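Pasting query-v9.json here (JSON, N, CA and C atoms):
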[["chain", "number", "residue", "atom", "x", "y", "z"],
["A", 219, "MET", "N", 10.30, 10.70, -33.71],
["A", 219, "MET", "CA", 11.54, 9.98, -33.54],
["A", 219, "MET", "C", 12.73, 10.81, -34.01],
["A", 220, "ALA", "N", 12.56, 11.52, -35.11],
["A", 220, "ALA", "CA", 13.67, 12.32, -35.63],
["A", 220, "ALA", "C", 14.07, 13.43, -34.66],
["A", 221, "ALA", "N", 13.08, 14.08, -34.08],
["A", 221, "ALA", "CA", 13.38, 15.16, -33.13],
["A", 221, "ALA", "C", 14.14, 14.63, -31.92],
["A", 222, "GLU", "N", 13.78, 13.46, -31.46],
["A", 222, "GLU", "CA", 14.48, 12.86, -30.31],
["A", 222, "GLU", "C", 15.91, 12.50, -30.69],
["A", 223, "ALA", "N", 16.12, 12.02, -31.90],
["A", 223, "ALA", "CA", 17.48, 11.70, -32.36],
["A", 223, "ALA", "C", 18.34, 12.95, -32.38],
["A", 224, "VAL", "N", 17.80, 14.06, -32.90],
["A", 224, "VAL", "CA", 18.56, 15.31, -32.95],
["A", 224, "VAL", "C", 18.83, 15.83, -31.55],
["A", 225, "ARG", "N", 17.85, 15.69, -30.65],
["A", 225, "ARG", "CA", 18.05, 16.11, -29.26],
["A", 225, "ARG", "C", 19.19, 15.34, -28.62],
["A", 226, "LEU", "N", 19.25, 14.05, -28.87],
["A", 226, "LEU", "CA", 20.32, 13.21, -28.32],
["A", 226, "LEU", "C", 21.67, 13.55, -28.94],
["A", 227, "ILE", "N", 21.70, 13.83, -30.23],
["A", 227, "ILE", "CA", 22.95, 14.25, -30.87],
["A", 227, "ILE", "C", 23.46, 15.53, -30.24],
["A", 228, "ALA", "N", 22.57, 16.50, -30.07],
["A", 228, "ALA", "CA", 22.96, 17.79, -29.48],
["A", 228, "ALA", "C", 23.46, 17.62, -28.06],
["A", 229, "ARG", "N", 22.77, 16.81, -27.27],
["A", 229, "ARG", "CA", 23.17, 16.59, -25.88],
["A", 229, "ARG", "C", 24.53, 15.89, -25.81],
["A", 230, "THR", "N", 24.71, 14.87, -26.64],
["A", 230, "THR", "CA", 25.98, 14.13, -26.64],
["A", 230, "THR", "C", 27.13, 15.03, -27.09],
["A", 231, "LEU", "N", 26.87, 15.86, -28.09],
["A", 231, "LEU", "CA", 27.91, 16.78, -28.55],
["A", 231, "LEU", "C", 28.27, 17.79, -27.46],
["A", 232, "ALA", "N", 27.26, 18.35, -26.82],
["A", 232, "ALA", "CA", 27.53, 19.32, -25.74],
["A", 232, "ALA", "C", 28.35, 18.68, -24.63],
["A", 233, "LEU", "N", 28.02, 17.46, -24.26],
["A", 233, "LEU", "CA", 28.78, 16.76, -23.22],
["A", 233, "LEU", "C", 30.22, 16.50, -23.67],
["A", 234, "ALA", "N", 30.39, 16.09, -24.93],
["A", 234, "ALA", "CA", 31.74, 15.82, -25.45],
["A", 234, "ALA", "C", 32.59, 17.09, -25.45],
["A", 235, "LEU", "N", 32.00, 18.19, -25.89],
["A", 235, "LEU", "CA", 32.74, 19.46, -25.91],
["A", 235, "LEU", "C", 33.12, 19.87, -24.49],
["A", 236, "ASN", "N", 32.18, 19.73, -23.57],
["A", 236, "ASN", "CA", 32.44, 20.08, -22.18],
["A", 236, "ASN", "C", 33.51, 19.17, -21.56],
["A", 237, "ASP", "N", 33.38, 17.87, -21.77],
["A", 237, "ASP", "CA", 34.33, 16.91, -21.20],
["A", 237, "ASP", "C", 35.75, 17.14, -21.72],
["A", 238, "GLN", "N", 35.87, 17.59, -22.96],
["A", 238, "GLN", "CA", 37.17, 17.81, -23.57],
["A", 238, "GLN", "C", 37.62, 19.27, -23.45],
["A", 239, "SER", "N", 36.84, 20.06, -22.72],
["A", 239, "SER", "CA", 37.13, 21.50, -22.54],
["A", 239, "SER", "C", 37.34, 22.21, -23.87],
["A", 240, "LEU", "N", 36.47, 21.91, -24.82],
["A", 240, "LEU", "CA", 36.56, 22.51, -26.15],
["A", 240, "LEU", "C", 35.56, 23.64, -26.28],
["A", 241, "SER", "N", 36.02, 24.77, -26.77],
["A", 241, "SER", "CA", 35.12, 25.88, -27.06],
["A", 241, "SER", "C", 34.45, 25.63, -28.41],
["A", 242, "LEU", "N", 33.41, 26.39, -28.69],
["A", 242, "LEU", "CA", 32.77, 26.29, -30.00],
["A", 242, "LEU", "C", 33.76, 26.66, -31.10],
["A", 243, "ARG", "N", 34.59, 27.65, -30.83],
["A", 243, "ARG", "CA", 35.59, 28.07, -31.82],
["A", 243, "ARG", "C", 36.58, 26.94, -32.10],
["A", 244, "ALA", "N", 37.07, 26.29, -31.04],
["A", 244, "ALA", "CA", 38.01, 25.17, -31.23],
["A", 244, "ALA", "C", 37.34, 24.02, -31.97],
["A", 245, "ALA", "N", 36.09, 23.75, -31.66],
["A", 245, "ALA", "CA", 35.37, 22.68, -32.35],
["A", 245, "ALA", "C", 35.18, 23.02, -33.82],
["A", 246, "ALA", "N", 34.92, 24.29, -34.10],
["A", 246, "ALA", "CA", 34.74, 24.72, -35.49],
["A", 246, "ALA", "C", 36.04, 24.58, -36.28],
["A", 247, "VAL", "N", 37.12, 25.04, -35.70],
["A", 247, "VAL", "CA", 38.42, 24.95, -36.38],
["A", 247, "VAL", "C", 38.81, 23.49, -36.59],
["A", 248, "GLY", "N", 38.64, 22.67, -35.57],
["A", 248, "GLY", "CA", 39.06, 21.28, -35.65],
["A", 248, "GLY", "C", 38.20, 20.41, -36.53],
["A", 249, "SER", "N", 36.91, 20.73, -36.61],
["A", 249, "SER", "CA", 36.00, 19.88, -37.36],
["A", 249, "SER", "C", 35.70, 20.40, -38.76],
["A", 250, "GLY", "N", 35.94, 21.68, -38.99],
["A", 250, "GLY", "CA", 35.59, 22.27, -40.28],
["A", 250, "GLY", "C", 34.12, 22.64, -40.38],
["A", 251, "VAL", "N", 33.41, 22.59, -39.25],
["A", 251, "VAL", "CA", 31.99, 22.97, -39.20],
["A", 251, "VAL", "C", 31.91, 24.39, -38.66],
["A", 252, "ASN", "N", 31.11, 25.22, -39.29],
["A", 252, "ASN", "CA", 30.95, 26.60, -38.87],
["A", 252, "ASN", "C", 30.55, 26.69, -37.40],
["A", 253, "ARG", "N", 31.17, 27.64, -36.68],
["A", 253, "ARG", "CA", 30.90, 27.80, -35.25],
["A", 253, "ARG", "C", 29.42, 28.05, -34.96],
["A", 254, "GLN", "N", 28.76, 28.85, -35.77],
["A", 254, "GLN", "CA", 27.35, 29.14, -35.54],
["A", 254, "GLN", "C", 26.49, 27.90, -35.75],
["A", 255, "VAL", "N", 26.87, 27.06, -36.70],
["A", 255, "VAL", "CA", 26.15, 25.80, -36.93],
["A", 255, "VAL", "C", 26.24, 24.93, -35.68],
["A", 256, "ILE", "N", 27.43, 24.86, -35.09],
["A", 256, "ILE", "CA", 27.61, 24.06, -33.87],
["A", 256, "ILE", "C", 26.79, 24.67, -32.73],
["A", 257, "ALA", "N", 26.84, 25.98, -32.58],
["A", 257, "ALA", "CA", 26.09, 26.66, -31.52],
["A", 257, "ALA", "C", 24.59, 26.42, -31.68],
["A", 258, "ASP", "N", 24.09, 26.52, -32.91],
["A", 258, "ASP", "CA", 22.66, 26.30, -33.15],
["A", 258, "ASP", "C", 22.26, 24.85, -32.87],
["A", 259, "LEU", "N", 23.11, 23.91, -33.22],
["A", 259, "LEU", "CA", 22.82, 22.50, -32.94],
["A", 259, "LEU", "C", 22.76, 22.25, -31.44],
["A", 260, "VAL", "N", 23.77, 22.70, -30.72],
["A", 260, "VAL", "CA", 23.82, 22.47, -29.27],
["A", 260, "VAL", "C", 22.64, 23.14, -28.57],
["A", 261, "ALA", "N", 22.21, 24.29, -29.08],
["A", 261, "ALA", "CA", 21.09, 25.03, -28.47],
["A", 261, "ALA", "C", 19.73, 24.50, -28.92],
["A", 262, "GLY", "N", 19.72, 23.56, -29.85],
["A", 262, "GLY", "CA", 18.46, 23.00, -30.31],
["A", 262, "GLY", "C", 17.73, 23.87, -31.32],
["A", 263, "ARG", "N", 18.44, 24.78, -31.96],
["A", 263, "ARG", "CA", 17.81, 25.69, -32.93],
["A", 263, "ARG", "C", 17.87, 25.17, -34.36],
["A", 264, "SER", "N", 18.60, 24.09, -34.60],
["A", 264, "SER", "CA", 18.71, 23.58, -35.97],
["A", 264, "SER", "C", 18.92, 22.07, -35.95],
["A", 265, "TRP", "N", 18.67, 21.47, -37.10],
["A", 265, "TRP", "CA", 18.89, 20.05, -37.30],
["A", 265, "TRP", "C", 20.10, 19.89, -38.21],
["A", 266, "PRO", "N", 21.07, 19.09, -37.78],
["A", 266, "PRO", "CA", 22.29, 18.95, -38.59],
["A", 266, "PRO", "C", 22.09, 17.98, -39.75],
["A", 267, "ASP", "N", 22.89, 18.16, -40.79],
["A", 267, "ASP", "CA", 22.90, 17.17, -41.86],
["A", 267, "ASP", "C", 23.88, 16.06, -41.47],
["A", 268, "VAL", "N", 23.87, 15.00, -42.22],
["A", 268, "VAL", "CA", 24.70, 13.84, -41.90],
["A", 268, "VAL", "C", 26.18, 14.19, -41.94],
["A", 269, "ALA", "N", 26.60, 15.00, -42.90],
["A", 269, "ALA", "CA", 28.01, 15.36, -43.01],
["A", 269, "ALA", "C", 28.47, 16.14, -41.77],
["A", 270, "THR", "N", 27.62, 17.01, -41.27],
["A", 270, "THR", "CA", 27.96, 17.78, -40.06],
["A", 270, "THR", "C", 28.13, 16.85, -38.87],
["A", 271, "VAL", "N", 27.21, 15.93, -38.70],
["A", 271, "VAL", "CA", 27.31, 14.97, -37.58],
["A", 271, "VAL", "C", 28.59, 14.15, -37.73],
["A", 272, "ALA", "N", 28.89, 13.72, -38.93],
["A", 272, "ALA", "CA", 30.09, 12.91, -39.16],
["A", 272, "ALA", "C", 31.36, 13.69, -38.84],
["A", 273, "ARG", "N", 31.42, 14.93, -39.27],
["A", 273, "ARG", "CA", 32.61, 15.76, -39.00],
["A", 273, "ARG", "C", 32.80, 15.98, -37.50],
["A", 274, "LEU", "N", 31.70, 16.30, -36.83],
["A", 274, "LEU", "CA", 31.79, 16.55, -35.39],
["A", 274, "LEU", "C", 32.12, 15.27, -34.62],
["A", 275, "ALA", "N", 31.56, 14.16, -35.04],
["A", 275, "ALA", "CA", 31.86, 12.88, -34.39],
["A", 275, "ALA", "C", 33.33, 12.53, -34.56],
["A", 276, "HIS", "N", 33.84, 12.70, -35.76],
["A", 276, "HIS", "CA", 35.25, 12.40, -36.03],
["A", 276, "HIS", "C", 36.16, 13.30, -35.19],
["A", 277, "PHE", "N", 35.85, 14.59, -35.18],
["A", 277, "PHE", "CA", 36.68, 15.53, -34.43],
["A", 277, "PHE", "C", 36.68, 15.23, -32.94],
["A", 278, "THR", "N", 35.51, 14.96, -32.36],
["A", 278, "THR", "CA", 35.43, 14.73, -30.91],
["A", 278, "THR", "C", 35.79, 13.30, -30.52],
["A", 279, "GLY", "N", 35.82, 12.39, -31.50],
["A", 279, "GLY", "CA", 36.08, 10.99, -31.18],
["A", 279, "GLY", "C", 34.92, 10.36, -30.44],
["A", 280, "THR", "N", 33.74, 10.91, -30.67],
["A", 280, "THR", "CA", 32.53, 10.48, -29.96],
["A", 280, "THR", "C", 31.50, 9.98, -30.96],
["A", 281, "THR", "N", 30.79, 8.92, -30.61],
["A", 281, "THR", "CA", 29.67, 8.48, -31.43],
["A", 281, "THR", "C", 28.49, 9.39, -31.10],
["A", 282, "LEU", "N", 28.10, 10.21, -32.05],
["A", 282, "LEU", "CA", 27.01, 11.16, -31.81],
["A", 282, "LEU", "C", 25.66, 10.61, -32.22],
["A", 283, "TRP", "N", 25.64, 9.77, -33.25],
["A", 283, "TRP", "CA", 24.36, 9.26, -33.73],
["A", 283, "TRP", "C", 23.82, 8.24, -32.73],
["A", 284, "PRO", "N", 22.58, 8.43, -32.25],
["A", 284, "PRO", "CA", 22.02, 7.48, -31.28],
["A", 284, "PRO", "C", 21.87, 6.08, -31.87],
["A", 285, "ASP", "N", 22.03, 5.08, -31.03],
["A", 285, "ASP", "CA", 21.96, 3.70, -31.52],
["A", 285, "ASP", "C", 20.54, 3.20, -31.71],
["A", 286, "GLY", "N", 19.56, 3.99, -31.35],
["A", 286, "GLY", "CA", 18.17, 3.61, -31.55],
["A", 286, "GLY", "C", 17.52, 3.08, -30.29],
["A", 287, "THR", "N", 18.31, 2.57, -29.36],
["A", 287, "THR", "CA", 17.71, 2.03, -28.14],
["A", 287, "THR", "C", 17.29, 3.14, -27.19],
["A", 288, "ASN", "N", 17.84, 4.34, -27.38],
["A", 288, "ASN", "CA", 17.50, 5.45, -26.51],
["A", 288, "ASN", "C", 16.33, 6.28, -27.03],
["A", 289, "ILE", "N", 15.81, 5.92, -28.18],
["A", 289, "ILE", "CA", 14.76, 6.71, -28.80],
["A", 289, "ILE", "C", 13.41, 6.06, -28.55],
["A", 290, "ASP", "N", 12.50, 6.83, -28.02],
["A", 290, "ASP", "CA", 11.14, 6.36, -27.77],
["A", 290, "ASP", "C", 10.43, 6.19, -29.12],
["A", 291, "ARG", "N", 9.96, 5.01, -29.37],
["A", 291, "ARG", "CA", 9.34, 4.72, -30.67],
["A", 291, "ARG", "C", 7.83, 4.66, -30.58],
["A", 292, "LYS", "N", 7.24, 5.59, -29.88],
["A", 292, "LYS", "CA", 5.77, 5.63, -29.81],
["A", 292, "LYS", "C", 5.22, 5.99, -31.18],
["A", 293, "ARG", "N", 4.26, 5.23, -31.62],
["A", 293, "ARG", "CA", 3.63, 5.51, -32.90],
["A", 293, "ARG", "C", 2.12, 5.46, -32.72],
["A", 294, "THR", "N", 1.48, 6.31, -33.43],
["A", 294, "THR", "CA", 0.02, 6.29, -33.44],
["A", 294, "THR", "C", -0.44, 5.92, -34.83],
["A", 295, "HIS", "N", -1.44, 5.09, -34.88],
["A", 295, "HIS", "CA", -1.96, 4.65, -36.19],
["A", 295, "HIS", "C", -3.38, 5.09, -36.33]]
Can I see the file as structure tokens?
Amino acid sequence: MAAEAVRLIARTLALALNDQSLSLRAAAVGSGVNRQVIADLVAGRSWPDVATVARLAHFTGTTLWPDGTNIDRKRTH
């Protein structure tokens, strides 16, 4: 479930940056998040901490955290 949440955060962030014609550099300057951290998140190479998601969400004006309805909750017992 956690991996799917991070995948959705990365996808939503990438779409928000694209829709707003924002470069990684502009997102870094505007959000206070390191450009490489943003690049790694969007590329799926890292998992963001809560503060990073909050900063990027505030900067883009986008809700990045999934609401839970989009996450497959398959569990094995």
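Using only C-alpha atoms, the protein and nucleic acid residues lying no more than 10 Å from A:Thr280, apart from those fewer than 4 places from it along its own chain, are Thr230, Leu231, Leu233, Ala234, Leu235, Ala272, Leu274, Ala275 and His276 of chain A.
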Task: Atom-to-atom span, atom CA of A:Ala220 and atom CA of A:Ala257, Å - done: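 Atom CA of A:Ala257 lies at a distance of 19.4 Å from atom CA of A:Ala220.
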Open item on the list: Show me the residues close to (32.7, 18.6, -37.5) - anything with an atom within 9 Å, counting only C-alpha atoms - and format the list as a list in words.
Closed with: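 Nearby residues: Ala245, Ala246, Val247, Gly248, Ser249, Gly250, Val251, Asn252, Ile256, Ala269, Thr270, Val271, Ala272, Arg273, Leu274, Ala275, His276, Phe277 and Thr278 of chain A.
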Task: Point-to-point distance in Å for atom CA of A:Ala221 and atom C of A:Asp237 - done: 25.2 Å
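The gap separating atom C of A:Met219 from atom N of A:Ser239 is 28.2 Å, in Å to one decimal.
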TODO: Considering only C-alpha atoms, state which residue in the set A:Leu240, A:Val268, A:Arg229, A:Val224 is at the smallest distance from A:Arg253.
DONE: A:Leu240
TODO: Find, counting only C-alpha atoms, the residue in A:Gly279, A:Glu222, A:Gln238, A:Ile227 that gets nearest to A:Val260.
DONE: A:Ile227
